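Printed here is input.cif (mmCIF, C-alpha atoms):
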data_structure
loop_
_atom_site.label_atom_id
_atom_site.label_comp_id
_atom_site.auth_asym_id
_atom_site.auth_seq_id
_atom_site.Cartn_x
_atom_site.Cartn_y
_atom_site.Cartn_z
CA MET A 242 23.42 2.61 -20.81
CA THR A 243 26.78 1.16 -19.90
CA GLN A 244 27.85 -1.40 -17.39
CA SER A 245 29.65 1.25 -15.29
CA ILE A 246 26.35 2.85 -14.29
CA GLN A 247 25.03 1.49 -11.01
CA ILE A 248 21.32 1.57 -10.24
CA GLY A 249 20.16 1.52 -6.64
CA ILE A 250 16.69 0.02 -6.16
CA SER A 251 14.70 0.11 -2.93
CA ALA A 252 14.23 -3.51 -1.92
CA ALA A 253 13.06 -3.29 1.70
CA VAL A 254 9.58 -4.55 0.79
CA LEU A 255 11.10 -7.46 -1.12
CA SER A 256 13.37 -8.36 1.78
CA ASP A 257 10.50 -8.29 4.27
CA GLN A 258 8.15 -10.31 2.07
CA ASN A 259 10.79 -12.90 1.18
CA ARG A 260 10.98 -13.81 4.85
CA SER A 261 7.30 -14.77 4.79
CA ASN A 262 7.51 -16.33 1.30
CA ARG A 263 4.81 -13.91 0.09
CA LEU A 264 5.12 -11.24 -2.55
CA ASP A 265 2.46 -8.61 -3.14
CA GLY A 266 2.28 -6.48 -6.29
CA ILE A 267 5.07 -4.15 -5.20
CA GLY A 268 7.25 -7.10 -4.23
CA ILE A 269 6.71 -8.77 -7.62
CA TYR A 270 7.46 -5.48 -9.38
CA THR A 271 10.68 -4.92 -7.42
CA LYS A 272 11.85 -8.50 -8.01
CA THR A 273 11.13 -8.12 -11.73
CA LEU A 274 13.30 -4.99 -11.88
CA LEU A 275 16.19 -6.51 -9.94
CA GLU A 276 16.31 -9.67 -12.03
CA GLY A 277 15.52 -8.06 -15.38
CA LEU A 278 18.02 -5.22 -15.18
CA LYS A 279 20.79 -7.65 -14.27
CA LYS A 280 19.99 -9.73 -17.36
CA LEU A 281 20.55 -6.60 -19.46
CA SER A 282 24.05 -6.25 -17.94
CA CYS A 283 23.08 -3.37 -15.64
CA GLU A 284 24.80 -3.21 -12.27
CA VAL A 285 21.95 -3.21 -9.77
CA ILE A 286 22.30 -2.58 -6.04
CA PRO A 287 19.30 -3.49 -3.85
CA VAL A 288 18.89 -1.13 -0.89
CA THR A 289 17.23 -2.40 2.29
CA TYR A 290 16.71 -1.00 5.77
CA THR A 291 16.03 -2.18 9.31
CA PRO A 292 14.12 0.06 11.75
CA LEU A 293 16.35 0.36 14.82
CA PHE A 294 13.90 -1.05 17.35
CA LYS A 295 13.14 -4.05 15.17
CA LYS A 296 16.78 -4.85 14.53
CA ASN A 297 16.86 -7.91 16.77
CA LYS A 298 13.57 -9.23 15.38
CA ILE A 299 14.59 -9.22 11.75
CA LYS A 300 17.25 -11.46 10.35
CA ASN A 301 19.73 -9.84 8.01
CA PRO A 302 17.60 -7.97 5.43
CA ILE A 303 20.45 -7.30 3.03
CA LEU A 304 20.08 -8.90 -0.39
CA PRO A 305 23.02 -10.25 -2.41
CA GLY A 306 25.16 -7.40 -3.68
CA GLY A 307 23.11 -4.83 -1.80
CA ILE A 308 23.50 -2.35 1.02
CA ALA A 309 21.53 -2.15 4.25
CA PHE A 310 21.18 0.51 6.87
CA THR A 311 19.39 1.16 10.15
CA TYR A 312 17.44 4.17 11.35
CA PRO A 313 15.29 4.89 14.42
CA GLY A 314 11.70 3.70 14.17
CA TYR A 315 8.34 5.16 15.32
CA ILE A 316 7.10 6.42 11.97
CA GLU A 317 9.42 4.70 9.53
CA ILE A 318 8.97 7.28 6.85
CA ILE A 319 10.33 10.00 9.18
CA GLY A 320 13.41 7.86 9.71
CA SER A 321 13.87 7.63 5.97
CA LEU A 322 13.75 11.42 5.68
CA PHE A 323 16.57 11.95 8.13
CA PHE A 324 18.81 8.93 7.56
CA PRO A 325 21.83 9.88 5.44
CA TYR A 326 20.87 8.02 2.27
CA ARG A 327 23.13 10.23 0.17
CA GLU A 328 26.39 9.37 1.90
CA LYS A 329 25.67 5.66 1.72
CA MET A 330 24.84 5.78 -1.95
CA ILE A 331 27.73 7.98 -3.01
CA GLU A 332 30.01 5.73 -1.04
CA ASN A 333 28.74 2.80 -3.12
CA LYS A 334 28.95 4.83 -6.36
CA ILE A 335 25.25 4.63 -7.23
CA SER A 336 24.46 6.65 -10.34
CA LEU A 337 20.66 6.60 -10.05
CA TYR A 338 18.19 5.59 -7.36
CA HIS A 339 14.80 4.00 -8.10
CA SER A 340 12.22 3.94 -5.30
CA THR A 341 9.59 1.23 -5.77
CA ASP A 342 7.87 1.47 -2.38
CA TYR A 343 6.65 5.08 -1.87
CA SER A 344 9.67 5.97 0.27
CA VAL A 345 11.59 8.51 -1.83
CA PRO A 346 14.91 9.92 -0.55
CA LYS A 347 16.07 13.49 -1.15
CA LEU A 348 19.31 13.14 -3.09
CA LYS A 349 21.19 16.13 -4.48
CA LYS A 350 23.99 14.48 -6.43
CA ILE A 351 22.20 11.60 -8.15
CA PRO A 352 18.83 11.47 -9.94
CA VAL A 353 15.83 9.73 -8.38
CA VAL A 354 13.02 7.82 -10.09
CA SER A 355 9.93 6.80 -8.14
CA THR A 356 7.21 4.32 -9.05
CA LEU A 357 3.92 5.38 -7.47
CA HIS A 358 1.62 2.40 -7.90
CA ASP A 359 -1.64 4.12 -6.97
CA ALA A 360 -3.14 6.62 -4.53
CA LEU A 361 -5.06 4.20 -2.31
CA LEU A 362 -3.01 5.05 0.76
CA LEU A 363 -3.71 8.75 0.38
CA LYS A 364 -7.37 8.24 -0.50
CA HIS A 365 -8.28 6.15 2.52
CA ARG A 366 -5.51 6.13 5.10
CA CYS A 367 -5.03 9.87 5.68
CA PHE A 368 -8.28 10.28 7.58
CA ASP A 369 -7.81 7.48 10.11
CA SER A 370 -5.81 9.36 12.74
CA PRO A 371 -3.55 12.42 13.24
CA ILE A 372 -0.48 10.18 13.04
CA LYS A 373 -1.57 8.77 9.68
CA LYS A 374 -2.29 12.27 8.42
CA ILE A 375 1.32 13.17 9.20
CA ASP A 376 2.43 9.93 7.56
CA CYS A 377 0.55 10.82 4.37
CA TRP A 378 1.87 14.39 4.38
CA LEU A 379 5.42 13.05 4.61
CA MET A 380 4.87 10.59 1.77
CA LYS A 381 3.47 13.34 -0.45
CA LYS A 382 6.48 15.51 0.43
CA GLN A 383 8.88 12.70 -0.39
CA ALA A 384 7.20 12.08 -3.73
CA GLN A 385 8.32 15.52 -4.88
CA TYR A 386 11.98 14.48 -4.57
CA ALA A 387 11.78 12.29 -7.68
CA GLN A 388 12.80 13.79 -11.01
CA ARG A 389 10.72 11.22 -12.91
CA VAL A 390 7.66 9.31 -11.69
CA ILE A 391 6.54 6.00 -13.17
CA ALA A 392 2.82 5.20 -13.30
CA ILE A 393 2.00 1.51 -13.82
CA SER A 394 -1.14 2.25 -15.87
CA ARG A 395 -2.74 5.23 -17.58
CA ALA A 396 -5.67 4.97 -15.18
CA VAL A 397 -3.34 5.81 -12.30
CA VAL A 398 -2.01 9.07 -13.83
CA PRO A 399 -4.93 11.33 -12.75
CA GLU A 400 -4.59 9.96 -9.20
CA LEU A 401 -0.90 10.80 -9.11
CA VAL A 402 -1.68 14.34 -10.21
CA GLU A 403 -4.61 14.85 -7.83
CA TYR A 404 -3.48 13.05 -4.68
CA TRP A 405 0.32 13.02 -4.95
CA ASN A 406 0.59 16.51 -6.50
CA ILE A 407 2.83 15.19 -9.27
CA LYS A 408 3.17 17.37 -12.36
CA PRO A 409 1.90 15.50 -15.45
CA GLU A 410 5.09 16.29 -17.40
CA LYS A 411 7.13 14.30 -14.85
CA ILE A 412 5.10 11.11 -15.32
CA ASP A 413 6.00 8.15 -17.55
CA VAL A 414 3.56 5.25 -17.99
CA VAL A 415 5.36 1.89 -17.83
CA TYR A 416 3.15 -1.16 -17.48
CA ASN A 417 4.10 -3.96 -15.11
CA GLY A 418 5.13 -7.21 -16.74
CA ILE A 419 5.20 -10.94 -16.08
CA PRO A 420 8.24 -13.17 -16.73
CA GLU A 421 8.31 -15.60 -19.65
CA TRP A 422 7.85 -18.66 -17.46
CA TRP A 423 4.21 -17.66 -16.92
CA PHE A 424 3.58 -18.78 -20.51
CA LYS A 425 5.02 -22.25 -19.90
CA LYS A 426 2.37 -24.97 -19.70
CA ALA A 427 2.25 -27.51 -16.89
CA SER A 428 1.84 -31.18 -17.75
CA ARG A 429 -1.31 -33.16 -16.98
CA ILE A 430 0.56 -35.05 -14.30
CA GLN A 431 1.73 -31.83 -12.63
CA LYS A 432 -1.81 -30.49 -12.62
CA LYS A 433 -3.20 -33.74 -11.27
CA ILE A 434 -0.70 -33.79 -8.38
CA VAL A 435 -1.39 -30.18 -7.31
CA LEU A 436 -5.18 -30.53 -7.52
CA LYS A 437 -5.04 -33.77 -5.56
CA ASN A 438 -2.84 -32.20 -2.86
CA PHE A 439 -5.36 -29.39 -2.39
CA GLN A 440 -8.36 -31.72 -2.79
CA ILE A 441 -9.73 -29.66 -5.68
CA THR A 442 -11.89 -31.07 -8.46
CA ALA A 443 -10.99 -30.74 -12.15
CA ASN A 444 -13.62 -27.99 -12.64
CA PHE A 445 -13.48 -24.90 -10.45
CA LEU A 446 -13.71 -21.12 -10.36
CA LEU A 447 -10.66 -19.22 -9.15
CA PHE A 448 -9.97 -15.97 -7.30
CA VAL A 449 -6.41 -14.90 -6.45
CA SER A 450 -5.47 -11.94 -4.22
CA SER A 451 -5.42 -10.90 -0.59
CA LEU A 452 -8.75 -10.86 1.26
CA ARG A 453 -8.77 -7.06 1.51
CA ALA A 454 -12.14 -5.35 1.14
CA ARG A 455 -11.14 -3.55 -2.07
CA LYS A 456 -10.52 -6.91 -3.75
CA ASN A 457 -14.31 -7.37 -3.65
CA ILE A 458 -14.23 -10.99 -2.48
CA LYS A 459 -17.38 -10.45 -0.40
CA ARG A 460 -19.45 -9.70 -3.52
CA ILE A 461 -17.74 -12.53 -5.39
CA ILE A 462 -18.92 -14.97 -2.71
CA GLN A 463 -22.42 -13.50 -2.82
CA ALA A 464 -22.44 -13.77 -6.63
CA TYR A 465 -21.25 -17.36 -6.44
CA LYS A 466 -23.96 -18.28 -3.94
CA ASN A 467 -26.54 -16.88 -6.38
CA LEU A 468 -25.53 -19.44 -9.01
CA PRO A 469 -27.88 -22.38 -9.55
CA LEU A 470 -27.13 -25.29 -7.22
CA GLU A 471 -26.30 -27.57 -10.15
CA LEU A 472 -23.47 -25.21 -11.19
CA ARG A 473 -22.12 -24.79 -7.66
CA GLN A 474 -21.99 -28.56 -7.23
CA VAL A 475 -19.83 -28.90 -10.35
CA TYR A 476 -17.75 -25.70 -10.04
CA PRO A 477 -16.54 -24.96 -6.49
CA LEU A 478 -15.08 -21.52 -5.75
CA VAL A 479 -11.35 -21.70 -4.95
CA VAL A 480 -9.96 -18.62 -3.20
CA VAL A 481 -6.21 -18.13 -2.94
CA GLY A 482 -5.58 -15.23 -0.61
CA GLN A 483 -3.97 -14.17 2.62
CA HIS A 484 -6.06 -13.30 5.68
CA VAL A 485 -5.21 -9.65 6.40
CA GLY A 486 -7.23 -9.23 9.58
CA GLY A 487 -10.44 -7.37 10.38
CA LEU A 488 -14.15 -8.21 10.59
CA ASN A 489 -14.57 -8.22 6.81
CA CYS A 490 -11.83 -10.83 6.49
CA ASP A 491 -13.33 -12.95 9.27
CA TRP A 492 -16.71 -12.94 7.50
CA ILE A 493 -15.07 -14.02 4.24
CA VAL A 494 -13.17 -16.88 5.86
CA ASN A 495 -16.30 -18.05 7.68
CA GLU A 496 -18.30 -18.03 4.42
CA LEU A 497 -15.56 -19.96 2.64
CA LYS A 498 -15.53 -22.57 5.40
CA ILE A 499 -19.29 -22.99 5.03
CA LEU A 500 -18.86 -23.44 1.27
CA GLU A 501 -16.07 -25.93 1.91
CA GLN A 502 -18.33 -28.00 4.16
CA LYS A 503 -20.80 -28.16 1.27
CA LYS A 504 -17.96 -29.07 -1.12
CA GLN A 505 -18.62 -25.84 -2.98
CA GLY A 506 -15.51 -23.93 -1.99
CA LYS A 507 -11.89 -24.00 -0.89
CA TRP A 508 -9.74 -21.37 0.83
CA LEU A 509 -5.98 -21.58 0.34
CA ASP A 510 -4.16 -19.08 2.51
CA TYR A 511 -0.82 -19.66 0.80
CA VAL A 512 0.47 -21.56 -2.23
CA THR A 513 3.84 -21.56 -3.95
CA VAL A 514 4.31 -19.74 -7.24
CA GLU A 515 4.54 -23.08 -9.04
CA GLU A 516 1.27 -24.25 -7.47
CA LEU A 517 -0.38 -20.92 -8.25
CA GLN A 518 0.56 -21.20 -11.91
CA ILE A 519 -1.01 -24.65 -12.09
CA LEU A 520 -4.18 -23.44 -10.35
CA TYR A 521 -4.51 -20.65 -12.92
CA GLN A 522 -4.04 -23.09 -15.79
CA SER A 523 -6.51 -25.57 -14.32
CA ALA A 524 -9.33 -23.13 -13.50
CA THR A 525 -12.46 -22.99 -15.63
CA VAL A 526 -12.95 -19.24 -15.05
CA PHE A 527 -10.86 -16.64 -13.22
CA ILE A 528 -12.90 -14.03 -11.29
CA PHE A 529 -11.28 -10.68 -10.46
CA PRO A 530 -13.84 -7.81 -10.28
CA SER A 531 -11.65 -5.71 -7.98
CA LEU A 532 -12.83 -2.30 -6.80
CA ALA A 533 -9.42 -0.65 -7.22
CA GLU A 534 -6.06 -1.62 -8.71
CA GLY A 535 -3.01 0.25 -9.90
CA PHE A 536 -2.37 -2.48 -12.47
CA GLY A 537 -3.81 -5.92 -11.70
CA TYR A 538 -1.17 -8.65 -12.04
CA PRO A 539 -3.70 -11.50 -11.66
CA ILE A 540 -5.48 -10.45 -14.87
CA VAL A 541 -2.32 -10.87 -16.94
CA GLU A 542 -1.30 -14.04 -15.10
CA ALA A 543 -4.67 -15.59 -15.96
CA PHE A 544 -4.36 -14.43 -19.59
CA ALA A 545 -0.96 -16.12 -19.86
CA SER A 546 -2.46 -19.25 -18.28
CA GLU A 547 -5.14 -19.39 -21.01
CA THR A 548 -8.01 -19.01 -18.56
CA PRO A 549 -11.04 -16.80 -19.31
CA VAL A 550 -11.22 -13.74 -17.06
CA ILE A 551 -14.02 -11.74 -15.46
CA THR A 552 -12.89 -8.32 -14.23
CA SER A 553 -14.11 -4.77 -13.59
CA ASN A 554 -15.37 -2.45 -16.31
CA TYR A 555 -13.41 0.63 -15.24
CA GLY A 556 -9.99 1.85 -14.14
CA ALA A 557 -6.78 -0.09 -14.52
CA MET A 558 -8.65 -3.42 -14.68
CA ALA A 559 -10.51 -2.45 -17.87
CA GLU A 560 -7.37 -0.83 -19.29
CA ILE A 561 -5.23 -3.93 -18.80
CA ALA A 562 -7.97 -6.34 -19.91
CA GLY A 563 -8.90 -4.48 -23.09
CA ASP A 564 -11.43 -6.63 -24.99
CA ALA A 565 -9.84 -9.87 -23.74
CA ALA A 566 -11.99 -10.25 -20.60
CA TYR A 567 -15.66 -10.26 -19.65
CA LEU A 568 -16.14 -6.84 -18.00
CA VAL A 569 -18.68 -6.30 -15.21
CA ASP A 570 -19.82 -3.64 -12.77
CA PRO A 571 -17.93 -4.83 -9.65
CA TYR A 572 -20.54 -3.28 -7.34
CA ASN A 573 -23.37 -5.24 -8.95
CA VAL A 574 -23.58 -8.78 -7.57
CA ASP A 575 -26.10 -9.84 -10.21
CA HIS A 576 -23.75 -8.72 -12.99
CA ILE A 577 -20.97 -10.87 -11.54
CA THR A 578 -23.31 -13.86 -11.22
CA ASP A 579 -24.51 -13.45 -14.82
CA ALA A 580 -20.91 -13.23 -16.07
CA ILE A 581 -19.91 -16.46 -14.31
CA LYS A 582 -23.00 -18.24 -15.57
CA THR A 583 -22.47 -16.99 -19.12
CA LEU A 584 -18.86 -18.19 -19.36
CA LEU A 585 -19.74 -21.56 -17.82
CA MET A 586 -22.65 -22.13 -20.19
CA ASN A 587 -21.17 -20.59 -23.36
CA THR A 588 -17.95 -22.46 -24.09
CA ASN A 589 -17.50 -20.72 -27.45
CA LEU A 590 -17.50 -17.29 -25.82
CA SER A 591 -15.22 -18.56 -23.08
CA GLN A 592 -12.74 -19.84 -25.68
CA GLN A 593 -12.84 -16.50 -27.52
CA TYR A 594 -11.70 -14.78 -24.32
CA VAL A 595 -8.96 -17.38 -23.89
CA GLU A 596 -7.60 -16.66 -27.38
CA LYS A 597 -7.77 -12.89 -26.90
CA GLY A 598 -6.17 -13.21 -23.48
CA LYS A 599 -3.19 -15.14 -24.84
CA ILE A 600 -2.48 -12.31 -27.27
CA ARG A 601 -3.12 -9.60 -24.69
CA ALA A 602 -0.74 -11.14 -22.15
CA HIS A 603 2.22 -10.52 -24.46
CA PHE A 604 1.65 -6.78 -24.17
CA PHE A 605 2.65 -7.01 -20.51
CA THR A 606 5.94 -8.89 -20.31
CA ALA A 607 8.80 -8.33 -17.90
CA GLN A 608 11.09 -7.66 -20.87
CA LYS A 609 8.96 -4.73 -22.06
CA CYS A 610 8.69 -3.38 -18.51
CA ILE A 611 12.47 -3.43 -18.06
CA GLU A 612 13.24 -1.87 -21.45
CA GLN A 613 10.76 0.95 -20.90
CA THR A 614 12.05 1.53 -17.35
CA LEU A 615 15.57 1.85 -18.77
CA ALA A 616 14.24 4.46 -21.18
CA VAL A 617 13.05 6.47 -18.16
CA TYR A 618 16.49 6.18 -16.56
CA ARG A 619 18.13 7.45 -19.76
CA LYS A 620 16.16 10.68 -19.51
CA LEU A 621 18.11 11.46 -16.33
CA LEU A 622 21.57 10.06 -17.14
#
Please re-express this file's structure in structure tokens.
Amino acid sequence: MTQSIQIGISAAVLSDQNRSNRLDGIGIYTKTLLEGLKKLSCEVIPVTYTPLFKKNKIKNPILPGGIAFTYPGYIEIIGSLFFPYREKMIENKISLYHSTDYSVPKLKKIPVVSTLHDALLLKHRCFDSPIKKIDCWLMKKQAQYAQRVIAISRAVVPELVEYWNIKPEKIDVVYNGIPEWWFKKASRIQKKIVLKNFQITANFLLFVSSLRARKNIKRIIQAYKNLPLELRQVYPLVVVGQHVGGLNCDWIVNELKILEQKKQGKWLDYVTVEELQILYQSATVFIFPSLAEGFGYPIVEAFASETPVITSNYGAMAEIAGDAAYLVDPYNVDHITDAIKTLLMNTNLSQQYVEKGKIRAHFFTAQKCIEQTLAVYRKLL
């Protein structure tokens, strides 16, 4: 692949999330592509958009070296179907377009690659209302415009076939990856400063993700509360996750506040990436028995941080973890409790998972993700 080839990458989600200093899995993935491809001397053009009726509410969404456009709102995906993507891209001499956010344009003169992270939207959202049914129908229609589709784990492939109607022969599995700096160790002083700022003890259990129901934080809290008092007094539960609204989220926050009053818990709505890395490295055990993931970045981040991991025994979580994590039935609270107790009481077993995790983390690097994504591009160029 030569320097003259320009790759357009959808970066609207990255632009939006940068304004709030939060990146979800798709945002991290998009940022990894933008930065990694540039390091390999590819010319990368981030593409962002502003819904017309939000134009005055959003400060310039264009990223350095990118292009931005505006289309009428209402259902944003409809706007993306009718906005003249093609003219904009040809004008900027883009040779290939990569959609990372489910919004796939219909382009006739340049190839399109789409990363479909999972089918959660289609599984659960399409039955909420007539409008959302239309929304899902449009997304499924758009998905067909891609010549190649990237799945971020093998576990996701059957979902892409069943729910997105993607032909198996169009799918390439390319795992997400973490940058090299995740493997860099913080100093004792750095750890001490961060833990002191958050008023966290040296021993604690950690959960990192949003407080969405599918992240299973409710059962994690229940499992934690089932631990013997003597363990809860030594190992508080630290939850790093954004409140996403809803009764389930309110219950979680209320329970965490109760734990905090007892000095058995801490809720951190937002931390910087640097602080997050230190929290991972300082935790005694990382708990992530999610109900559904397309990949599961936190598993690999914890592996790289040399922290033992508890995660789910099926789907992408089990695939990414391999034999490097303690696997549990995420629907069984007692199983989660037993796993926490086992790793806290059995330091030899805990250390075995740390060693396996260090090795496993190197299977999922940003470098590998970028190189394998380039291989997908080459199939179309």
Rounded to one decimal in Å, what is the spacing between CA of Thr341 in chain A and CA of Ser355 in chain A?
6.1 Å
Report as a compact mmCIF listing (two decimals) with C-alpha atoms, in the coordinates of the input the full result of the PyMOL selection byres ((chain A and resi 558-571) around 10) when it is applied to this structure.
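Listing of result-v7.txt after writing:
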# COMPACT_ATOMS: atom_id res chain seq x y z
CA SER A 394 -1.14 2.25 -15.87
CA ARG A 395 -2.74 5.23 -17.58
CA ALA A 396 -5.67 4.97 -15.18
CA TYR A 416 3.15 -1.16 -17.48
CA LYS A 456 -10.52 -6.91 -3.75
CA ASN A 457 -14.31 -7.37 -3.65
CA ARG A 460 -19.45 -9.70 -3.52
CA ILE A 461 -17.74 -12.53 -5.39
CA PHE A 527 -10.86 -16.64 -13.22
CA ILE A 528 -12.90 -14.03 -11.29
CA PHE A 529 -11.28 -10.68 -10.46
CA PRO A 530 -13.84 -7.81 -10.28
CA SER A 531 -11.65 -5.71 -7.98
CA LEU A 532 -12.83 -2.30 -6.80
CA ALA A 533 -9.42 -0.65 -7.22
CA GLU A 534 -6.06 -1.62 -8.71
CA GLY A 535 -3.01 0.25 -9.90
CA PHE A 536 -2.37 -2.48 -12.47
CA GLY A 537 -3.81 -5.92 -11.70
CA TYR A 538 -1.17 -8.65 -12.04
CA PRO A 539 -3.70 -11.50 -11.66
CA ILE A 540 -5.48 -10.45 -14.87
CA VAL A 541 -2.32 -10.87 -16.94
CA PHE A 544 -4.36 -14.43 -19.59
CA THR A 548 -8.01 -19.01 -18.56
CA PRO A 549 -11.04 -16.80 -19.31
CA VAL A 550 -11.22 -13.74 -17.06
CA ILE A 551 -14.02 -11.74 -15.46
CA THR A 552 -12.89 -8.32 -14.23
CA SER A 553 -14.11 -4.77 -13.59
CA ASN A 554 -15.37 -2.45 -16.31
CA TYR A 555 -13.41 0.63 -15.24
CA GLY A 556 -9.99 1.85 -14.14
CA ALA A 557 -6.78 -0.09 -14.52
CA TYR A 572 -20.54 -3.28 -7.34
CA ASN A 573 -23.37 -5.24 -8.95
CA VAL A 574 -23.58 -8.78 -7.57
CA ASP A 575 -26.10 -9.84 -10.21
CA HIS A 576 -23.75 -8.72 -12.99
CA ILE A 577 -20.97 -10.87 -11.54
CA THR A 578 -23.31 -13.86 -11.22
CA ASP A 579 -24.51 -13.45 -14.82
CA ALA A 580 -20.91 -13.23 -16.07
CA ILE A 581 -19.91 -16.46 -14.31
CA THR A 583 -22.47 -16.99 -19.12
CA LEU A 584 -18.86 -18.19 -19.36
CA LEU A 590 -17.50 -17.29 -25.82
CA SER A 591 -15.22 -18.56 -23.08
CA GLN A 593 -12.84 -16.50 -27.52
CA TYR A 594 -11.70 -14.78 -24.32
CA VAL A 595 -8.96 -17.38 -23.89
CA GLU A 596 -7.60 -16.66 -27.38
CA LYS A 597 -7.77 -12.89 -26.90
CA GLY A 598 -6.17 -13.21 -23.48
CA LYS A 599 -3.19 -15.14 -24.84
CA ILE A 600 -2.48 -12.31 -27.27
CA ARG A 601 -3.12 -9.60 -24.69
CA ALA A 602 -0.74 -11.14 -22.15
CA PHE A 604 1.65 -6.78 -24.17
CA PHE A 605 2.65 -7.01 -20.51
Can you pull out the residues contacting Lys382 in chain A? Cut-off 10 Å, using all atoms listed in the file, and skip same-chain residues under 6 positions away; I want them as a list in words.
Leu322, Val345, Lys347, Asp376, Trp405 and Asn406 of chain A
The PyMOL selection byres ((chain A and resi 421) around 10) resolved against shown file, as a PDB file with C-alpha atoms, in the frame of the given file:
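Wrote it out as result-v3.pdb, contents follow:
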ATOM      1  CA  GLY A 418       5.130  -7.210 -16.740  1.00  0.00           C
ATOM      2  CA  ILE A 419       5.200 -10.940 -16.080  1.00  0.00           C
ATOM      3  CA  PRO A 420       8.240 -13.170 -16.730  1.00  0.00           C
ATOM      4  CA  TRP A 422       7.850 -18.660 -17.460  1.00  0.00           C
ATOM      5  CA  TRP A 423       4.210 -17.660 -16.920  1.00  0.00           C
ATOM      6  CA  PHE A 424       3.580 -18.780 -20.510  1.00  0.00           C
ATOM      7  CA  LYS A 425       5.020 -22.250 -19.900  1.00  0.00           C
ATOM      8  CA  ALA A 545      -0.960 -16.120 -19.860  1.00  0.00           C
ATOM      9  CA  HIS A 603       2.220 -10.520 -24.460  1.00  0.00           C
ATOM     10  CA  THR A 606       5.940  -8.890 -20.310  1.00  0.00           C
ATOM     11  CA  ALA A 607       8.800  -8.330 -17.900  1.00  0.00           C
ATOM     12  CA  GLN A 608      11.090  -7.660 -20.870  1.00  0.00           C
TER      13      GLN A 608
END
If the PyMOL selection byres ((chain A and resi 510-525) around 8) were run on this exact file, what residues would it hold? Put them as a PyMOL selection string.
chain A and resi 423+426-427+431-432+435-436+443-447+481-484+508-509+526-527+542-543+546-549+585
Please write the residues from the selection above to a file, keeping C-alpha atoms, as a PDB file, keeping the file's coordinate frame.
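The resulting out_16.pdb:
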ATOM      1  CA  TRP A 423       4.210 -17.660 -16.920  1.00  0.00           C
ATOM      2  CA  LYS A 426       2.370 -24.970 -19.700  1.00  0.00           C
ATOM      3  CA  ALA A 427       2.250 -27.510 -16.890  1.00  0.00           C
ATOM      4  CA  GLN A 431       1.730 -31.830 -12.630  1.00  0.00           C
ATOM      5  CA  LYS A 432      -1.810 -30.490 -12.620  1.00  0.00           C
ATOM      6  CA  VAL A 435      -1.390 -30.180  -7.310  1.00  0.00           C
ATOM      7  CA  LEU A 436      -5.180 -30.530  -7.520  1.00  0.00           C
ATOM      8  CA  ALA A 443     -10.990 -30.740 -12.150  1.00  0.00           C
ATOM      9  CA  ASN A 444     -13.620 -27.990 -12.640  1.00  0.00           C
ATOM     10  CA  PHE A 445     -13.480 -24.900 -10.450  1.00  0.00           C
ATOM     11  CA  LEU A 446     -13.710 -21.120 -10.360  1.00  0.00           C
ATOM     12  CA  LEU A 447     -10.660 -19.220  -9.150  1.00  0.00           C
ATOM     13  CA  VAL A 481      -6.210 -18.130  -2.940  1.00  0.00           C
ATOM     14  CA  GLY A 482      -5.580 -15.230  -0.610  1.00  0.00           C
ATOM     15  CA  GLN A 483      -3.970 -14.170   2.620  1.00  0.00           C
ATOM     16  CA  HIS A 484      -6.060 -13.300   5.680  1.00  0.00           C
ATOM     17  CA  TRP A 508      -9.740 -21.370   0.830  1.00  0.00           C
ATOM     18  CA  LEU A 509      -5.980 -21.580   0.340  1.00  0.00           C
ATOM     19  CA  VAL A 526     -12.950 -19.240 -15.050  1.00  0.00           C
ATOM     20  CA  PHE A 527     -10.860 -16.640 -13.220  1.00  0.00           C
ATOM     21  CA  GLU A 542      -1.300 -14.040 -15.100  1.00  0.00           C
ATOM     22  CA  ALA A 543      -4.670 -15.590 -15.960  1.00  0.00           C
ATOM     23  CA  SER A 546      -2.460 -19.250 -18.280  1.00  0.00           C
ATOM     24  CA  GLU A 547      -5.140 -19.390 -21.010  1.00  0.00           C
ATOM     25  CA  THR A 548      -8.010 -19.010 -18.560  1.00  0.00           C
ATOM     26  CA  PRO A 549     -11.040 -16.800 -19.310  1.00  0.00           C
ATOM     27  CA  LEU A 585     -19.740 -21.560 -17.820  1.00  0.00           C
TER      28      LEU A 585
END
Here CA of Lys411 in chain A and CA of Asp342 in chain A stand apart by 17.9 Å
With a distance cut-off of 8 Å and only C-alpha atoms, select the neighbouring residues of Val353 in chain A, excluding the residue or stretch itself and same-chain residues fewer than 2 positions from it, and output the selection as a list of chain:residue names.
A:Leu337, A:Tyr338, A:His339, A:Ser340, A:Val345, A:Pro346, A:Leu348, A:Ile351, A:Ser355, A:Tyr386, A:Ala387, A:Gln388, A:Arg389
In Å, how far is it from CA of Leu497 in chain A to CA of Asn467 in chain A?
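Separation between CA of Leu497 in chain A and CA of Asn467 in chain A: 14.5 Å.
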